[in-house]
Amino acid sequence: MKLRKMVAMVLTGMMLILALSGCSADNAETSADKPKDSSSTDTKTETETKTETKTETDSETPASTKEPVTVVVWNQIFEEWNQEFFTQKAEEYNALGRGYVVEQSFIAGDAWTERMTAAQAGGTAPDTYVLSYNGIVSAARDSMILPLDDLLPAEAFNDLNDNVKEMVSYDGKYWAYPQLVEPSTVLYYRTDLFEEAGITKVPTTWDELIEAAKKLTTNDMFGLSIPDFPSMGWCTWGLQHATSGHLAINDNWDAPLIDQGYIDLANFYKECYDTGVVPEQSLAGYATMQDFGEGNVAMKFCGSWGVAQIINDYPELADKFAVAAPPTKDGNQDTVLATNGGWTYVIDAKTDAAEGAADYISWLLAEDIETSAEFFQLASYAKAAPRKSVTEYLNANAGDSTWAETVNYVSAHAISEPIYPWDISVAVALMFENTALGMMSAEDAAAETTASIQAIIDNQGLAGKNPRK
Amino acid sequence: MKHGKKDHNSITNLDKRDMKIAYIMLFPALIMLTIFVIIPLIMAIQKSFYDWNFYVESIFVGFENYKIIVNTVYFQKAVVNAVKFIVLIVPLMLLVSFGFAHVLKNLTSKMATMIKTAIYIPGIISGIAASVIFIFVMDYKGGIINQVLMQLGFDRVAFLNNPFWASVAIIIPTVWLGLGGNTILMYAGLMNVPSEYYEAASVDGATSFKQLIYITIPQMKNIFVLMCISLTTGTLQMFDIPYMLTGGGPSNSTLTPMLYLYNNYRDTSKGMGYTIAGAVLMLIIITAINSVVFAVIRSEKTVEG
């Protein structure tokens with residue numbers, strides 16, 4: 001019996017140790033996410049890499065008398081060059097000895113929500129992190145981020161382009177500092193294939209676009225790639241506005257606005273399918289240039305970020321493509337053509353290193369023009385700078401970049417992303433999908449979408465709740 | 001007799017010592033269950049009644065989150081889709097695994113073992129891996145089926161952009177993954193039917209079909225019920241295959257409740273309480289189905305056959 005008791009005790013002990021070690025492993029990860037001292041070690045996972053450079057503080061700086069404060073930064077994994085740039089910048093910042101040490105983690109976009117939600121729920125959110133423009137208002141409204149008016153110098157905001165100022169503002173305050181602006185839609189096309197097909201004019205209307213796509217479609221290649229249906233929820237915002245003059249609900253958020261413009265846009269997508277110029281099923285997601293780069297399509301709608309993708313991932317196409325403003329129904333390209341999206345830096349409301357986070361953001365994005373400009377040069381001038389001074393610098397130094405002008409043009413003709421609930425955008429995407437796939441007429445799909453949006457408005461009590469009104 | 005009964009019911013010192021050890025052995029499992037199941041469940045139920053915010057005080061909203069989720073058209077559509085998949089997958093899985101089990105029963109034991117192993121292999125593959133395999137099979141441009149169709153002179157088929165084919169594309173890997181486990185279960189049930197029943201029936205001149213209807217199926221009632229429960233709850237919780245293969249499309253035709261809740265959770269413009277309410281609702285539905293079926297089993301006292 002003693003033996004049985006001993007065995008039981010040993011087994012129990014082992015299980016408890018396993019359970020506790022499981023918990024402590026989690027804790028270890030959490031503490032690695034946000035170390036409070038400078039002795040933590042770097043960890044690397046599939047979705048995350050960390051950059052930390054510890055430096056001796058300069059003896060003349062006020063911070064020399066105490067340990068530098070750690071500022072935890074969460075960045076997203078985008079292109080390789082992007083990650084290298086921000087890793088290098090963090091190291092440069094840390095080497096300056098401004099009294100703060102930046103510890104930066106790069107997290108994959110598909111794991112971002114889970115990681116951030118868990119960190120916020122557990123009180124271990126990073127001091128500063130990247131946030132897209134359309135997330136700013138809800139984060140500010142829910143008191144998840146700090147206003148930056150008192151943390152960054154006024155000149156930093158005075159230097160921003162007016163449309164960007166609006167995008168980072170809510171309730172009379174600035175809640176984020178912009179890193180970049182990129183129009184959500186431009187048209188990419190293969191110049192060599194245009195020449196072969198005898199197409200001399202870049203399409204500016206939908207009819208011209210479909211005609212060009214017909215000429216470019218062969219057994220091995222589709223003439224055009226339009227957005228995959230799930231992405232239509234967001235990447236068609238600009239075209240929705242271009243075609244109808246407004247977005248899917250009114251400014252008061254109490255009524256759907258699905259009108260003839262939406263029906264026309266749905267019918268445009270249907271015609272693309274019916275004429276066989278687009279693949280029946282998307283060959284690649286909207287945000288990636290893979291299908292264009294691999295020679296499966298001759299024209300493609302994508303955001304301006306696609307330029308850097310082509311240059312870095314498909315260098316053989318670098319001198320065989322060009323970028324144009326997205327065609328519109330009537331060819332008017334002096335209207336809204338896209339939405340301006342992109343990334344900003346925000347400071348977590350529960351941070352105990354707000355000044356350090358602001359110092360890093362200021363150094364990285366709001367001070368030296370060349371530091372900011374370097375990013376856009378690496379991005380092959382395919383993203384627009386949010387600062388006036390940086391834009392001027394880039395315009396003077398863009399060299400022979402053929403697409404910088406187009407990207408800046410579309411960006412100047414872009415509106416900010418809507419902040420109404422995503423369900424409404426899903427309803428609009430379903431309208432386009434149902435029409436394009438021939439499940440119902442555009443008119444019936446519009447009626448169904450109108451009813452769906454009204455139900456969303458009623459169900460979620462949206463009437464009068466537009467935070468920007 | 002009286003003395004014997006007393007001995008049977010009384011707890012001896014030996015029993016007490018064994019019980020102590022049993023409790024000690026159970027303790028870690030109870031701790032784990034409490035930490036990872038019971039406490040999160042209680043917290044989830046509590047949070048579902050709040051407009052939950054990590055940064056400011058959460059606001060009690062009563063059943064508001066439940067009202068919103070129940071009235072959400074996409075959640076309703078997802079529940080309808082789940083019912084559709086239950087109606088299609090459960091009978092199909094029962095039929096196929098019953099058929100396979102019958103074949104196995106009539107094979108030599110060596111052959112049966114080999115086939116059991118072969119059909120069980122998909123069961124150890126994760127849904128994600130199976131989805132990747134089926135993407136290679138059904139892909140629009142490079143998929144095996146489309147390559148074959150094109151070689152035969154047909155046009156490509158956009159399987160995952162057609163509501164009918166997209167549903168078929170979900171059902172096939174789901175059945176493929178579950179076939180092994182369910183066939184083994186059926187096979188075990190078949191082997192438990194006393195052979196004397198069949199011998200007696202044969203003597204009375206019952207055909208194979210009559211034996212199937214009057215002996216096999218009634219004797220395997222509990223197995224069918226068990227499989228119905230597990231397949232129904234599994235289908236209601238289906239997530240990985242639609243997530244990987246169709247993303248819920250086209251036109252939300254393969255959107256499942258779990259996939260909807262996952263997408264909803266990632267939508268930062270909504271409160272977390274709303275998503276949690278949906279999850280609790282699904283828990284209630286699944287628990288209710290299980291309770292009803294278990295009640296049926298108990299009431300019919302079929303356990304002993």
# chains A, B, ... in the order shown; residues from 1 in each chain; ligands from 1
>>> closest_atom_pairs(of="chain B", to="chain A", cutoff="8 Å", atoms="only C-alpha atoms", output="JSON lines")
{"residue": "B:Ile21", "atom": "CA", "partner": "A:Ala8", "partner_atom": "CA", "distance": 6.6}
{"residue": "B:Ile24", "atom": "CA", "partner": "A:Ala8", "partner_atom": "CA", "distance": 7.0}
{"residue": "B:Met25", "atom": "CA", "partner": "A:Thr12", "partner_atom": "CA", "distance": 6.1}
{"residue": "B:Phe27", "atom": "CA", "partner": "A:Thr12", "partner_atom": "CA", "distance": 7.6}
{"residue": "B:Pro28", "atom": "CA", "partner": "A:Leu16", "partner_atom": "CA", "distance": 6.1}
{"residue": "B:Met32", "atom": "CA", "partner": "A:Ala19", "partner_atom": "CA", "distance": 7.2}
{"residue": "B:Asn53", "atom": "CA", "partner": "A:Asp142", "partner_atom": "CA", "distance": 7.4}
{"residue": "B:Phe54", "atom": "CA", "partner": "A:Ala121", "partner_atom": "CA", "distance": 5.6}
{"residue": "B:Tyr55", "atom": "CA", "partner": "A:Met144", "partner_atom": "CA", "distance": 5.8}
{"residue": "B:Val56", "atom": "CA", "partner": "A:Ser143", "partner_atom": "CA", "distance": 6.8}
{"residue": "B:Ile68", "atom": "CA", "partner": "A:Asn459", "partner_atom": "CA", "distance": 5.8}
{"residue": "B:Asn71", "atom": "CA", "partner": "A:Asn459", "partner_atom": "CA", "distance": 6.6}
{"residue": "B:Thr72", "atom": "CA", "partner": "A:Ile456", "partner_atom": "CA", "distance": 7.1}
{"residue": "B:Val73", "atom": "CA", "partner": "A:Ser452", "partner_atom": "CA", "distance": 7.3}
{"residue": "B:Tyr140", "atom": "CA", "partner": "A:Gln281", "partner_atom": "CA", "distance": 6.4}
{"residue": "B:Lys141", "atom": "CA", "partner": "A:Leu283", "partner_atom": "CA", "distance": 7.2}
{"residue": "B:Ala158", "atom": "CA", "partner": "A:Gln281", "partner_atom": "CA", "distance": 5.7}
{"residue": "B:Leu160", "atom": "CA", "partner": "A:Gln281", "partner_atom": "CA", "distance": 7.4}
{"residue": "B:Asn161", "atom": "CA", "partner": "A:Gln281", "partner_atom": "CA", "distance": 6.1}
{"residue": "B:Pro250", "atom": "CA", "partner": "A:Glu433", "partner_atom": "CA", "distance": 7.6}
{"residue": "B:Ser251", "atom": "CA", "partner": "A:Leu430", "partner_atom": "CA", "distance": 5.9}
{"residue": "B:Arg266", "atom": "CA", "partner": "A:Thr113", "partner_atom": "CA", "distance": 6.0}
{"residue": "B:Asp267", "atom": "CA", "partner": "A:Trp422", "partner_atom": "CA", "distance": 7.0}
{"residue": "B:Thr268", "atom": "CA", "partner": "A:Gly135", "partner_atom": "CA", "distance": 7.5}
{"residue": "B:Ser269", "atom": "CA", "partner": "A:Pro421", "partner_atom": "CA", "distance": 6.1}
{"residue": "B:Lys270", "atom": "CA", "partner": "A:Pro421", "partner_atom": "CA", "distance": 7.4}
>>> residues_around(residues="Leu245 in chain B", least_positions_apart="2", cutoff="7 Å", atoms="only C-alpha atoms", output="list in words")
Ser131, Ile135, Ile241, Pro242, Tyr243 and Gly247 of chain B
>>> write_last_selection(atoms="N, CA and C atoms", output="PDB file, in the first residue's frame")
ATOM      1  N   SER B 131      -7.398  19.887 -45.802  1.00  0.00           N
ATOM      2  CA  SER B 131      -7.869  20.974 -46.663  1.00  0.00           C
ATOM      3  C   SER B 131      -6.812  21.319 -47.705  1.00  0.00           C
ATOM      4  N   ILE B 135      -7.211  21.292 -51.613  1.00  0.00           N
ATOM      5  CA  ILE B 135      -6.969  22.484 -52.437  1.00  0.00           C
ATOM      6  C   ILE B 135      -6.160  22.072 -53.667  1.00  0.00           C
ATOM      7  N   ILE B 241     -12.044  23.119 -42.078  1.00  0.00           N
ATOM      8  CA  ILE B 241     -12.136  22.822 -43.517  1.00  0.00           C
ATOM      9  C   ILE B 241     -12.787  23.977 -44.290  1.00  0.00           C
ATOM     10  N   PRO B 242     -13.951  24.493 -43.857  1.00  0.00           N
ATOM     11  CA  PRO B 242     -14.480  25.664 -44.586  1.00  0.00           C
ATOM     12  C   PRO B 242     -13.556  26.877 -44.517  1.00  0.00           C
ATOM     13  N   TYR B 243     -12.888  27.050 -43.387  1.00  0.00           N
ATOM     14  CA  TYR B 243     -11.968  28.193 -43.249  1.00  0.00           C
ATOM     15  C   TYR B 243     -10.878  28.124 -44.310  1.00  0.00           C
ATOM     16  N   GLY B 247     -13.452  29.750 -47.088  1.00  0.00           N
ATOM     17  CA  GLY B 247     -13.586  30.982 -46.306  1.00  0.00           C
ATOM     18  C   GLY B 247     -15.049  31.316 -46.025  1.00  0.00           C
TER      19      GLY B 247
END
>>> residues_around(residues="range 185-191 of chain A", least_positions_apart="6", cutoff="9 Å", atoms="only C-alpha atoms", output="count of residues only")
34
>>> residues_around(residues="range 329-335 of chain A", least_positions_apart="5", cutoff="9 Å", atoms="only C-alpha atoms", output="VMD selection string")
chain A and resid 203 to 207 241 to 243 245 264 to 265 268 410 413 to 414
>>> atom_distance(atom1="CA of Ile172 in chain B", atom2="CA of Leu104 in chain B")
21.7 Å
>>> atom_distance(atom1="CA of Asn267 in chain A", atom2="CA of Thr435 in chain A")
6.9 Å
>>> residues_around(residues="Val175 in chain B", least_positions_apart="6", cutoff="12 Å", atoms="only C-alpha atoms", output="list in words")
Phe85, Ile86, Leu88, Ile89, Val90, Pro91, Leu92, Met93, Leu94, Leu95, Val96, Ser97, Ile119, Tyr120, Pro122, Gly123, Gly127, Ala130, Val168, Ala169, Gly181, Asn182, Thr183, Leu231, Gly234, Thr235 and Ile241 of chain B
>>> atom_distance(atom1="CA of Asp359 in chain A", atom2="CA of Phe375 in chain A")
18.7 Å
>>> select_by_dssp(residues="range 122-201 of chain B", states="alpha helix (DSSP H)", output="VMD selection string")
chain B and resid 127 to 138 144 to 151 163 to 192 195 to 201
>>> write_last_selection(atoms="C-alpha atoms", output="PDB file, in the first residue's frame")
ATOM      1  CA  GLY B 127      -8.463  19.186 -40.967  1.00  0.00           C
ATOM      2  CA  ILE B 128      -6.011  21.874 -42.033  1.00  0.00           C
ATOM      3  CA  ALA B 129      -3.700  19.354 -43.724  1.00  0.00           C
ATOM      4  CA  ALA B 130      -6.650  17.619 -45.363  1.00  0.00           C
ATOM      5  CA  SER B 131      -7.869  20.974 -46.663  1.00  0.00           C
ATOM      6  CA  VAL B 132      -4.484  21.673 -48.211  1.00  0.00           C
ATOM      7  CA  ILE B 133      -4.606  18.272 -49.924  1.00  0.00           C
ATOM      8  CA  PHE B 134      -8.069  19.029 -51.289  1.00  0.00           C
ATOM      9  CA  ILE B 135      -6.969  22.484 -52.437  1.00  0.00           C
ATOM     10  CA  PHE B 136      -4.373  20.730 -54.580  1.00  0.00           C
ATOM     11  CA  VAL B 137      -7.132  18.494 -55.917  1.00  0.00           C
ATOM     12  CA  MET B 138      -9.740  21.203 -56.587  1.00  0.00           C
ATOM     13  CA  ILE B 144      -5.605  17.761 -60.365  1.00  0.00           C
ATOM     14  CA  ILE B 145      -9.286  17.555 -61.349  1.00  0.00           C
ATOM     15  CA  ASN B 146      -9.095  20.636 -63.551  1.00  0.00           C
ATOM     16  CA  GLN B 147      -5.893  19.414 -65.160  1.00  0.00           C
ATOM     17  CA  VAL B 148      -7.624  16.144 -66.021  1.00  0.00           C
ATOM     18  CA  LEU B 149     -10.715  17.971 -67.294  1.00  0.00           C
ATOM     19  CA  MET B 150      -8.581  20.170 -69.500  1.00  0.00           C
ATOM     20  CA  GLN B 151      -6.676  17.174 -70.857  1.00  0.00           C
ATOM     21  CA  PRO B 163     -22.310  27.097 -54.009  1.00  0.00           C
ATOM     22  CA  PHE B 164     -23.115  23.489 -54.933  1.00  0.00           C
ATOM     23  CA  TRP B 165     -19.554  22.403 -55.625  1.00  0.00           C
ATOM     24  CA  ALA B 166     -18.221  24.388 -52.683  1.00  0.00           C
ATOM     25  CA  SER B 167     -20.547  22.450 -50.370  1.00  0.00           C
ATOM     26  CA  VAL B 168     -19.472  19.182 -51.984  1.00  0.00           C
ATOM     27  CA  ALA B 169     -15.865  20.301 -51.545  1.00  0.00           C
ATOM     28  CA  ILE B 170     -16.501  20.693 -47.812  1.00  0.00           C
ATOM     29  CA  ILE B 171     -18.406  17.429 -47.400  1.00  0.00           C
ATOM     30  CA  ILE B 172     -15.893  15.146 -49.144  1.00  0.00           C
ATOM     31  CA  PRO B 173     -12.868  15.875 -46.918  1.00  0.00           C
ATOM     32  CA  THR B 174     -15.102  15.901 -43.840  1.00  0.00           C
ATOM     33  CA  VAL B 175     -16.373  12.392 -44.606  1.00  0.00           C
ATOM     34  CA  TRP B 176     -12.907  11.258 -45.663  1.00  0.00           C
ATOM     35  CA  LEU B 177     -11.407  12.395 -42.359  1.00  0.00           C
ATOM     36  CA  GLY B 178     -14.097  10.811 -40.211  1.00  0.00           C
ATOM     37  CA  LEU B 179     -14.522   7.590 -42.124  1.00  0.00           C
ATOM     38  CA  GLY B 180     -11.807   5.594 -40.352  1.00  0.00           C
ATOM     39  CA  GLY B 181     -12.902   6.269 -36.788  1.00  0.00           C
ATOM     40  CA  ASN B 182     -16.581   5.821 -37.535  1.00  0.00           C
ATOM     41  CA  THR B 183     -16.028   2.593 -39.467  1.00  0.00           C
ATOM     42  CA  ILE B 184     -14.033   1.133 -36.568  1.00  0.00           C
ATOM     43  CA  LEU B 185     -16.868   2.086 -34.227  1.00  0.00           C
ATOM     44  CA  MET B 186     -19.438   0.476 -36.501  1.00  0.00           C
ATOM     45  CA  TYR B 187     -17.248  -2.582 -36.897  1.00  0.00           C
ATOM     46  CA  ALA B 188     -16.975  -2.953 -33.116  1.00  0.00           C
ATOM     47  CA  GLY B 189     -20.772  -2.688 -32.881  1.00  0.00           C
ATOM     48  CA  LEU B 190     -21.267  -5.308 -35.557  1.00  0.00           C
ATOM     49  CA  MET B 191     -18.888  -7.717 -33.863  1.00  0.00           C
ATOM     50  CA  ASN B 192     -20.876  -7.342 -30.628  1.00  0.00           C
ATOM     51  CA  SER B 195     -23.960 -14.682 -33.728  1.00  0.00           C
ATOM     52  CA  GLU B 196     -26.719 -16.884 -32.236  1.00  0.00           C
ATOM     53  CA  TYR B 197     -29.315 -14.336 -33.373  1.00  0.00           C
ATOM     54  CA  TYR B 198     -28.244 -14.754 -36.974  1.00  0.00           C
ATOM     55  CA  GLU B 199     -28.067 -18.552 -36.665  1.00  0.00           C
ATOM     56  CA  ALA B 200     -31.600 -18.674 -35.285  1.00  0.00           C
ATOM     57  CA  ALA B 201     -32.840 -16.332 -37.978  1.00  0.00           C
TER      58      ALA B 201
END
>>> select_by_dssp(residues="range 200-288 of chain A", states="strand (DSSP E or B)", output="ChimeraX atom specification")
/A:205,222-225,249,256
